[in-house]
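S.K.: Input file: run26.cif. Contents: mmCIF, C-alpha atoms.
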data_protein
#
loop_
_atom_site.label_atom_id
_atom_site.label_comp_id
_atom_site.auth_asym_id
_atom_site.auth_seq_id
_atom_site.Cartn_x
_atom_site.Cartn_y
_atom_site.Cartn_z
CA MET N 29 0.00 0.00 0.00
CA CYS N 30 1.54 3.36 -1.02
CA ARG N 31 2.57 5.94 1.53
CA GLU N 32 0.18 8.50 -0.01
CA TYR N 33 -2.79 6.23 0.58
CA ASN N 34 -1.62 5.50 4.12
CA PHE N 35 -1.46 9.25 4.72
CA VAL N 36 -5.01 9.84 3.42
CA HIS N 37 -6.28 6.93 5.50
CA ALA N 38 -4.65 8.33 8.65
CA SER N 39 -5.96 11.82 7.89
CA ALA N 40 -9.50 10.53 7.52
CA THR N 41 -9.29 8.66 10.81
CA MET N 42 -7.92 11.67 12.67
CA ALA N 43 -10.51 13.97 11.09
CA ALA N 44 -13.27 11.74 12.44
CA LYS N 45 -11.68 11.90 15.91
CA TRP N 46 -11.44 15.70 15.74
CA GLU N 47 -15.14 15.90 15.00
CA GLU N 48 -15.87 13.91 18.17
CA PHE N 49 -13.50 16.13 20.18
CA MET N 50 -15.37 19.22 18.98
CA GLN N 51 -18.63 17.85 20.35
CA ASP N 52 -17.16 18.14 23.86
CA GLY N 53 -15.87 21.67 23.36
CA ASP N 54 -13.15 22.55 25.85
CA ARG N 55 -14.28 20.07 28.52
CA TYR N 56 -11.09 18.05 28.02
CA ASN N 57 -7.54 18.80 26.97
CA LEU N 58 -6.01 16.91 24.07
CA GLN N 59 -2.88 14.81 24.40
CA TYR N 60 -0.52 13.63 21.68
CA ARG N 61 0.25 9.90 21.75
CA THR N 62 2.63 7.75 19.73
CA ALA N 63 2.31 4.03 19.01
CA HIS N 64 4.83 3.36 21.82
CA ASP N 65 6.94 0.81 19.98
CA ASP N 66 10.40 0.63 18.44
CA ARG N 67 9.13 1.90 15.08
CA VAL N 68 8.30 5.37 16.45
CA ARG N 69 10.56 8.09 15.06
CA PRO N 70 12.58 9.89 17.77
CA GLU N 71 11.21 13.28 16.72
CA HIS N 72 7.66 11.95 17.07
CA ALA N 73 8.50 10.26 20.37
CA ALA N 74 9.44 13.72 21.68
CA LEU N 75 5.83 14.82 21.08
CA ASP N 76 4.38 11.97 23.13
CA ARG N 77 2.23 13.28 26.02
CA VAL N 78 2.23 16.87 24.77
CA THR N 79 -0.99 18.15 26.35
CA LEU N 80 -2.83 21.29 25.30
CA PRO N 81 -6.36 22.72 25.16
CA ILE N 82 -8.28 21.98 21.98
CA THR N 83 -8.16 25.72 21.19
CA ASP N 84 -4.36 25.89 21.16
CA PRO N 85 -2.96 26.74 17.70
CA PHE N 86 -0.58 23.79 18.06
CA TRP N 87 -3.36 21.46 16.88
CA GLN N 88 -3.81 23.47 13.69
CA GLU N 89 -0.21 22.82 12.71
CA TYR N 90 0.85 19.53 14.30
CA TYR N 91 -2.27 17.40 14.60
CA PRO N 92 -1.40 13.90 13.26
CA PRO N 93 -0.48 12.50 10.85
CA ASN N 94 2.84 14.31 10.95
CA GLY N 95 4.74 12.37 8.33
CA TRP N 96 4.57 9.49 5.87
CA ASN N 97 3.22 6.37 7.57
CA CYS N 98 2.77 8.29 10.83
CA ARG N 99 0.78 6.23 13.36
CA CYS N 100 0.48 8.91 16.04
CA THR N 101 -2.89 9.82 17.47
CA VAL N 102 -4.54 12.26 19.88
CA VAL N 103 -6.77 11.45 22.87
CA GLN N 104 -8.91 13.44 25.26
CA VAL N 105 -7.63 13.70 28.84
CA ARG N 106 -9.05 15.20 32.01
CA LYS N 107 -7.68 18.66 32.68
CA SER N 108 -6.85 17.74 36.26
CA LYS N 109 -4.82 14.66 35.34
CA TYR N 110 -2.03 16.05 33.14
CA PRO N 111 -0.20 19.39 33.23
CA VAL N 112 -0.50 21.57 30.15
CA THR N 113 2.63 21.68 28.00
CA PRO N 114 4.01 25.22 27.49
CA HIS N 115 2.83 26.41 24.08
CA ASP N 116 6.26 27.48 22.81
CA GLU N 117 7.80 24.18 23.86
CA ALA N 118 5.08 22.23 22.06
CA MET N 119 5.44 24.30 18.90
CA ALA N 120 9.21 23.76 18.89
CA LEU N 121 8.75 20.00 19.22
CA GLY N 122 6.17 20.02 16.45
CA GLU N 123 8.46 21.92 14.12
CA GLU N 124 11.27 19.47 14.83
CA ALA N 125 8.95 16.54 14.09
CA THR N 126 7.95 17.97 10.71
CA GLY N 127 11.22 19.68 9.85
CA LYS N 128 11.80 17.44 6.84
CA ASP N 129 8.44 18.42 5.36
CA THR N 130 9.89 20.46 2.50
CA LYS N 131 6.62 20.36 0.52
CA GLY N 132 4.41 21.59 3.39
CA ILE N 133 1.98 18.68 3.24
CA PHE N 134 1.95 17.78 6.94
CA HIS N 135 1.20 21.20 8.47
CA PHE N 136 -2.58 20.99 8.64
CA ASN N 137 -5.48 19.62 10.65
CA PRO N 138 -7.76 17.37 8.52
CA GLY N 139 -10.59 17.73 11.04
CA ILE N 140 -10.62 21.54 10.90
CA GLU N 141 -10.18 21.70 7.13
CA GLN N 142 -12.36 18.62 6.47
CA LYS N 143 -9.89 17.44 3.86
CA THR N 144 -7.69 14.38 3.77
CA ILE N 145 -4.91 16.33 2.05
CA PRO N 146 -4.32 20.10 2.27
CA ASP N 147 -5.10 22.17 -0.82
CA TYR N 148 -1.45 23.13 -1.17
CA ASN N 149 -0.19 19.57 -1.44
CA PRO N 150 2.05 18.70 -4.40
CA TYR N 151 0.10 15.56 -5.37
CA THR N 152 -3.49 16.52 -6.09
CA ILE N 153 -3.57 20.28 -5.70
CA LYS N 154 -4.93 21.05 -9.16
CA ARG N 155 -7.78 18.55 -8.89
CA CYS N 156 -8.64 19.39 -5.25
CA ARG N 157 -9.01 23.06 -6.12
CA ASP N 158 -11.82 22.29 -8.57
CA CYS N 159 -13.37 19.21 -6.94
CA ASP N 160 -16.77 19.70 -5.31
CA ILE N 161 -16.20 16.70 -3.04
CA ALA N 162 -12.92 18.08 -1.71
CA LYS N 163 -14.74 21.35 -1.00
CA GLY N 164 -17.61 19.48 0.63
CA ASN N 165 -20.36 21.10 -1.42
CA GLY N 166 -22.13 21.18 -4.76
CA ALA N 167 -23.19 18.37 -7.03
CA GLY N 168 -20.20 16.29 -6.12
CA SER N 169 -20.91 16.07 -2.38
CA PRO N 170 -21.03 12.51 -1.03
CA LEU N 171 -24.78 12.42 -0.51
CA SER N 172 -25.72 14.06 -3.78
CA LEU N 173 -27.59 11.99 -6.30
CA SER N 174 -27.49 14.58 -9.05
CA ARG N 175 -24.65 12.80 -10.82
CA PRO N 176 -22.70 9.62 -10.18
CA PHE N 177 -19.27 9.85 -8.63
CA ILE N 178 -16.57 7.55 -9.93
CA PRO N 179 -13.34 7.83 -7.94
CA GLU N 180 -10.32 8.11 -10.20
CA ASN N 181 -7.92 6.85 -7.55
CA GLU N 182 -7.73 5.76 -3.91
CA LEU N 183 -7.18 9.33 -2.74
CA CYS N 184 -10.49 10.45 -4.24
CA ALA N 185 -12.30 7.45 -2.79
CA ALA N 186 -10.97 8.17 0.70
CA CYS N 187 -11.85 11.86 0.34
CA ARG N 188 -15.43 10.95 -0.47
CA LEU N 189 -15.66 8.62 2.53
CA LEU N 190 -14.32 11.34 4.81
CA HIS N 191 -16.99 13.81 3.79
CA GLY N 192 -19.59 11.10 4.12
CA ARG N 193 -18.41 10.65 7.70
CA PHE N 194 -19.03 14.32 8.43
CA GLU N 195 -22.53 14.26 6.96
CA GLN N 196 -23.79 10.95 8.33
CA ILE N 197 -23.40 11.27 12.08
CA GLY N 198 -26.95 10.03 12.68
CA GLU N 199 -29.62 11.14 15.15
CA LYS N 200 -28.55 13.36 18.02
CA ARG N 201 -30.96 14.41 20.75
CA GLN N 202 -30.81 16.35 23.98
CA GLU N 203 -31.55 14.45 27.19
CA GLY N 204 -31.38 16.63 30.30
CA ASN N 205 -27.92 18.22 30.38
CA GLY N 206 -26.48 15.51 28.13
CA THR N 207 -26.96 14.22 24.62
CA VAL N 208 -27.54 10.87 22.96
CA THR N 209 -26.18 10.24 19.48
CA ILE N 210 -27.27 7.16 17.54
CA HIS N 211 -24.78 6.30 14.83
CA THR N 212 -26.26 6.08 11.37
CA LEU N 213 -24.97 2.50 10.92
CA ILE N 214 -26.88 1.16 13.93
CA ASN N 215 -29.58 -1.43 13.22
CA ARG N 216 -32.55 -0.31 15.30
CA ASN N 217 -34.14 -3.71 14.87
CA ASP N 218 -31.42 -5.40 16.92
CA SER N 219 -32.84 -7.14 19.96
CA ASP N 220 -30.78 -5.05 22.38
CA PHE N 221 -31.29 -1.64 20.74
CA ASN N 222 -34.06 -0.49 23.09
CA LYS N 223 -32.08 -1.55 26.14
CA LEU N 224 -28.97 0.29 24.96
CA ASN N 225 -31.05 3.35 24.12
CA ASP N 226 -32.44 3.31 27.68
CA ILE N 227 -28.91 3.08 29.09
CA ALA N 228 -27.76 5.99 26.95
CA THR N 229 -30.75 8.07 28.04
CA PHE N 230 -29.98 7.36 31.70
CA PHE N 231 -26.37 8.52 31.45
CA ALA N 232 -27.34 11.62 29.49
CA ARG N 233 -30.14 12.64 31.85
CA GLU N 234 -28.68 11.61 35.19
CA GLN N 235 -24.97 12.16 34.55
CA GLY N 236 -25.12 14.93 31.94
CA ALA N 237 -23.03 12.70 29.69
CA GLU N 238 -22.38 12.82 25.96
CA VAL N 239 -23.33 9.30 24.84
CA ILE N 240 -22.87 7.67 21.44
CA LEU N 241 -24.54 4.38 20.52
CA THR N 242 -22.22 2.60 18.11
CA PRO N 243 -22.91 -0.15 15.56
CA LYS N 244 -21.98 -3.80 15.62
CA MET N 245 -19.45 -4.56 12.88
CA SER N 246 -18.50 -7.97 11.56
CA ARG N 247 -15.16 -7.81 9.74
CA PRO N 248 -15.68 -4.20 8.61
CA PRO N 249 -13.40 -2.38 6.17
CA LYS N 250 -10.48 -0.92 8.12
CA PHE N 251 -11.39 2.66 7.21
CA GLN N 252 -15.03 2.21 8.29
CA TYR N 253 -13.99 0.63 11.60
CA GLU N 254 -11.52 3.39 12.40
CA CYS N 255 -14.08 6.11 11.65
CA VAL N 256 -16.24 4.73 14.48
CA TYR N 257 -13.76 3.05 16.83
CA GLY N 258 -10.59 4.97 16.00
CA SER N 259 -9.59 5.50 19.64
CA LEU N 260 -9.37 1.71 20.10
CA VAL N 261 -6.74 1.34 17.41
CA GLY N 262 -3.41 0.49 18.97
CA THR N 263 -5.02 -0.75 22.20
CA LYS N 264 -5.73 -4.33 23.23
CA TYR N 265 -9.36 -3.73 22.24
CA GLU N 266 -8.58 -2.94 18.61
CA GLY N 267 -11.04 -4.80 16.40
CA LYS N 268 -13.69 -4.93 19.15
CA CYS N 269 -17.01 -3.08 18.96
CA PRO N 270 -18.18 -1.88 22.40
CA ASP N 271 -21.82 -0.81 22.65
CA LEU N 272 -21.53 2.76 23.88
CA CYS N 273 -19.09 5.63 24.12
CA ILE N 274 -19.80 7.73 27.22
CA ASN N 275 -17.82 10.97 27.55
CA GLY N 276 -15.13 9.47 25.36
CA VAL N 277 -14.89 6.19 27.28
CA TRP N 278 -16.00 2.86 25.79
CA TYR N 279 -18.56 0.76 27.65
CA GLU N 280 -19.90 -2.71 26.95
CA HIS N 281 -23.34 -3.88 28.02
CA GLU N 282 -23.99 -7.54 28.79
CA GLY N 283 -27.28 -9.30 29.53
CA PHE N 284 -27.69 -12.96 30.48
CA ILE N 285 -29.82 -16.02 29.91
CA SER N 286 -29.37 -18.36 32.87
CA THR N 287 -31.30 -19.61 35.87
CA ASN N 288 -28.09 -19.64 37.88
CA PRO N 289 -27.19 -16.10 39.07
CA LYS N 290 -23.52 -16.92 39.68
CA THR N 291 -23.18 -18.44 36.20
CA ALA N 292 -24.91 -15.42 34.70
CA PHE N 293 -22.57 -13.01 36.50
CA ARG N 294 -19.47 -14.97 35.49
CA ASN N 295 -20.54 -15.13 31.82
CA MET N 296 -21.38 -11.43 31.65
CA MET N 297 -18.01 -10.51 33.11
CA ASN N 298 -16.14 -12.91 30.82
CA HIS N 299 -17.88 -11.74 27.66
CA GLY N 300 -17.90 -8.06 28.55
CA LEU N 301 -14.23 -7.81 29.44
CA LYS N 302 -13.33 -8.98 25.96
CA GLN N 303 -14.81 -5.71 24.67
CA SER N 304 -13.99 -3.16 27.35
CA ASP N 305 -12.81 -2.66 30.93
CA HIS N 306 -15.92 -0.52 31.58
CA LEU N 307 -19.01 -2.72 31.91
CA ILE N 308 -22.77 -2.37 32.32
CA ILE N 309 -24.41 -5.67 33.25
CA ASP N 310 -27.97 -6.75 33.93
CA ASN N 311 -28.71 -7.45 37.57
CA PRO N 312 -28.07 -11.17 38.12
CA GLY N 313 -29.76 -11.17 41.53
CA LEU N 314 -26.61 -11.42 43.63
CA THR N 315 -25.59 -9.23 46.56
CA ASP N 316 -23.31 -6.28 45.91
CA ALA N 317 -20.83 -7.65 48.43
CA TYR N 318 -20.52 -10.93 46.55
CA MET N 319 -20.08 -9.28 43.16
CA LYS N 320 -17.49 -6.83 44.47
CA ARG N 321 -15.54 -9.69 46.03
CA ILE N 322 -15.43 -11.52 42.69
CA ILE N 323 -14.38 -8.33 40.87
CA ARG N 324 -11.52 -7.72 43.32
CA GLN N 325 -10.36 -11.30 42.90
CA ARG N 326 -10.37 -10.93 39.11
CA ILE N 327 -8.28 -7.78 39.41
CA LYS N 328 -5.90 -9.59 41.75
CA ASP N 329 -5.61 -12.29 39.09
CA GLY N 330 -4.54 -9.69 36.54
CA GLN N 331 -7.76 -8.68 34.78
CA ALA N 332 -8.24 -5.00 33.93
CA ILE N 333 -11.55 -3.74 35.34
CA GLU N 334 -12.12 -0.01 35.64
CA GLU N 335 -15.86 0.29 36.23
CA VAL N 336 -18.96 -1.91 36.58
CA TRP N 337 -22.57 -0.69 36.56
CA ILE N 338 -25.64 -2.78 37.39
CA LYS N 339 -28.79 -2.33 35.29
CA ASP N 340 -31.98 -3.20 37.16
CA GLY N 341 -35.03 -2.43 35.02
CA SER N 342 -34.83 1.23 34.04
CA GLU N 343 -32.39 2.10 36.84
CA LEU N 344 -28.60 1.88 36.90
CA LYS N 345 -26.26 1.98 39.85
CA LEU N 346 -22.50 2.05 40.09
CA LEU N 347 -21.24 -1.19 41.62
CA TYR N 348 -17.48 -0.76 41.31
CA LYS N 349 -15.08 1.98 40.26
CA LYS N 350 -11.36 1.43 40.44
CA PHE N 351 -10.30 4.75 41.91
CA GLU N 352 -13.05 4.76 44.51
CA GLU N 353 -11.95 1.51 46.09
#
Turn the structure described in the file into structure tokens.

M.R.:
Amino acid sequence: MCREYNFVHASATMAAKWEEFMQDGDRYNLQYRTAHDDRVRPEHAALDRVTLPITDPFWQEYYPPNGWNCRCTVVQVRKSKYPVTPHDEAMALGEEATGKDTKGIFHFNPGIEQKTIPDYNPYTIKRCRDCDIAKGNGAGSPLSLSRPFIPENELCAACRLLHGRFEQIGEKRQEGNGTVTIHTLINRNDSDFNKLNDIATFFAREQGAEVILTPKMSRPPKFQYECVYGSLVGTKYEGKCPDLCINGVWYEHEGFISTNPKTAFRNMMNHGLKQSDHLIIDNPGLTDAYMKRIIRQRIKDGQAIEEVWIKDGSELKLLYKKFEE
């Protein structure tokens, strides 16, 4: 796969993430992250953990990808957890990381510009200037039916998908002080849709959370998967499809079919932890003390468990949270 296509693919993924960041405004700071392996370039490694507000101009210039085959990403972090990097220091590190960019192709933010490649790039500049899809309007926009679109190359195809991502977010509704977004790819006829919708409504109304219901995907195209679950890429949950994203954190819901409460609890924990370390499980009818004891034992045995909620009818309660123990 050519480096140009890899770049467009990475730009599209990061643009989708930027769109999600913007939904939260300045609630969180953004933090630069590398892939944390021996393939990371030293100049990119120097940017790892750079933390700045979303409004800092740094993200206009040095938002990933910052080079050919760059695998860096950006995540949201709580403002109280990480100190903010001095702006001048961050800008100097960014310039060092892109210092070999003699053609100026890497100094842009695909999420802000809603383009997979900047207009001034040396590869497609002439076509991008006149292309309605690259501009995101007119007869050539992704959802237009006025004329067929036939991509001339992989760059054009990825560009079209990117704009489709911006225009097909799905239903978004206000619930109390929070919001619930239902991704356009979700099948509302799924047996668990209503239950997940109820969970999302609870967190939005009662917690003021920003909740996204995400679709189940069976062997999806890599680009499509990363548009929805991009923040899981590079983690041990890459390839998984958790049910909900709540304030930027992935949660998995598990129900059960068993007449044995202990078996039901064990199966829900086993299945859920394959998808996420934040779980919402149906009430198996066991005491809180028993369930907490099993959770602590699992953690002692090396399992990662951050949070467990119990769903009982229309109500939810927090059973376990790592930092409250």

S.K.: Taking into account all atoms listed in the file, which residue in the set N:Gly267, N:Gly236, N:Gly139, N:Pro312 is nearest to Asn288 in chain N?

M.R.: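 Result for the nearest residue to Asn288 in chain N: N:Pro312.
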
S.K.: With distances taken over only C-alpha atoms, which of N:Asp226, N:Asp271, N:Glu335, N:Asp84 is nearest to Asn57 in chain N?

M.R.: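 When distances to Asn57 in chain N are compared using only C-alpha atoms, the smallest one comes from N:Asp84.
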
S.K.: Using only C-alpha atoms, which protein or nucleic acid residues come within 10 Å of His299 in chain N? Drop anything in the same chain fewer than 3 positions from it, and give the result as a PyMOL selection string.

M.R.: chain N and resi 280-283+294-296+302-304

S.K.: May I ask which of the residues N:Lys200, N:Lys109, N:Lys143, N:Arg216 is the closest one to Ile240 in chain N, counting all atoms listed in the file?

M.R.: N:Lys200

S.K.: Step by step, work through what the PyMOL selection byres ((chain N and resi 43) around 10) selects in the shown file, and finish by giving those residues as an NGL selection string.

M.R.: :N and (37-42 or 44-49 or 91-92 or 137-144 or 190-191 or 193-194 or 255)

S.K.: Please write as JSON, numbers by chain the full residue list that the PyMOL selection byres ((chain N and resi 60) around 7) yields on this file.

M.R.: {"N": [58, 59, 61, 62, 75, 76, 77, 78, 79, 101, 102, 103]}

S.K.: Between N:Gly53, N:Gly206, N:Gly258, N:Pro270, which is the closest to Val239 in chain N once you count only C-alpha atoms?

M.R.: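 Under the stated criterion, the closest residue is N:Gly206.
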
S.K.: When you draw a straight line from CA of Met50 in chain N to CA of Phe351 in chain N, how long is it in Å?

M.R.: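 Atom-to-atom, CA of Met50 in chain N and CA of Phe351 in chain N are spaced 27.6 Å apart.
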
S.K.: Take the PyMOL selection byres ((chain N and resi 228) around 9), apply it to the structure above, and return the hits as an MDAnalysis selection string.

M.R.: chainID N and resid 207:209 223:227 229:233 237:241 272 274

S.K.: Quick check, in Å to one decimal: how far apart do CA of Arg31 in chain N and CA of Gly95 in chain N lie?

M.R.: 9.6 Å

S.K.: Of the candidates N:Lys345, N:Arg55, N:Lys328, N:Arg67, which shows the shortest atom-to-atom distance to Thr83 in chain N, using all atoms listed in the file?

M.R.: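 Nearest to Thr83 in chain N: N:Arg55.
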
S.K.: CA of Asp310 in chain N and CA of Arg201 in chain N are how many Å apart?

M.R.: 25.1 Å

S.K.: Choose the residue, out of N:Trp337, N:Tyr33, N:Trp87, N:Trp96, that has the smallest atom-to-atom separation from Ala118 in chain N; count only C-alpha atoms.

M.R.: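 Of N:Trp337, N:Tyr33, N:Trp87, N:Trp96, the one nearest Ala118 in chain N, counting only C-alpha atoms, is N:Trp87.
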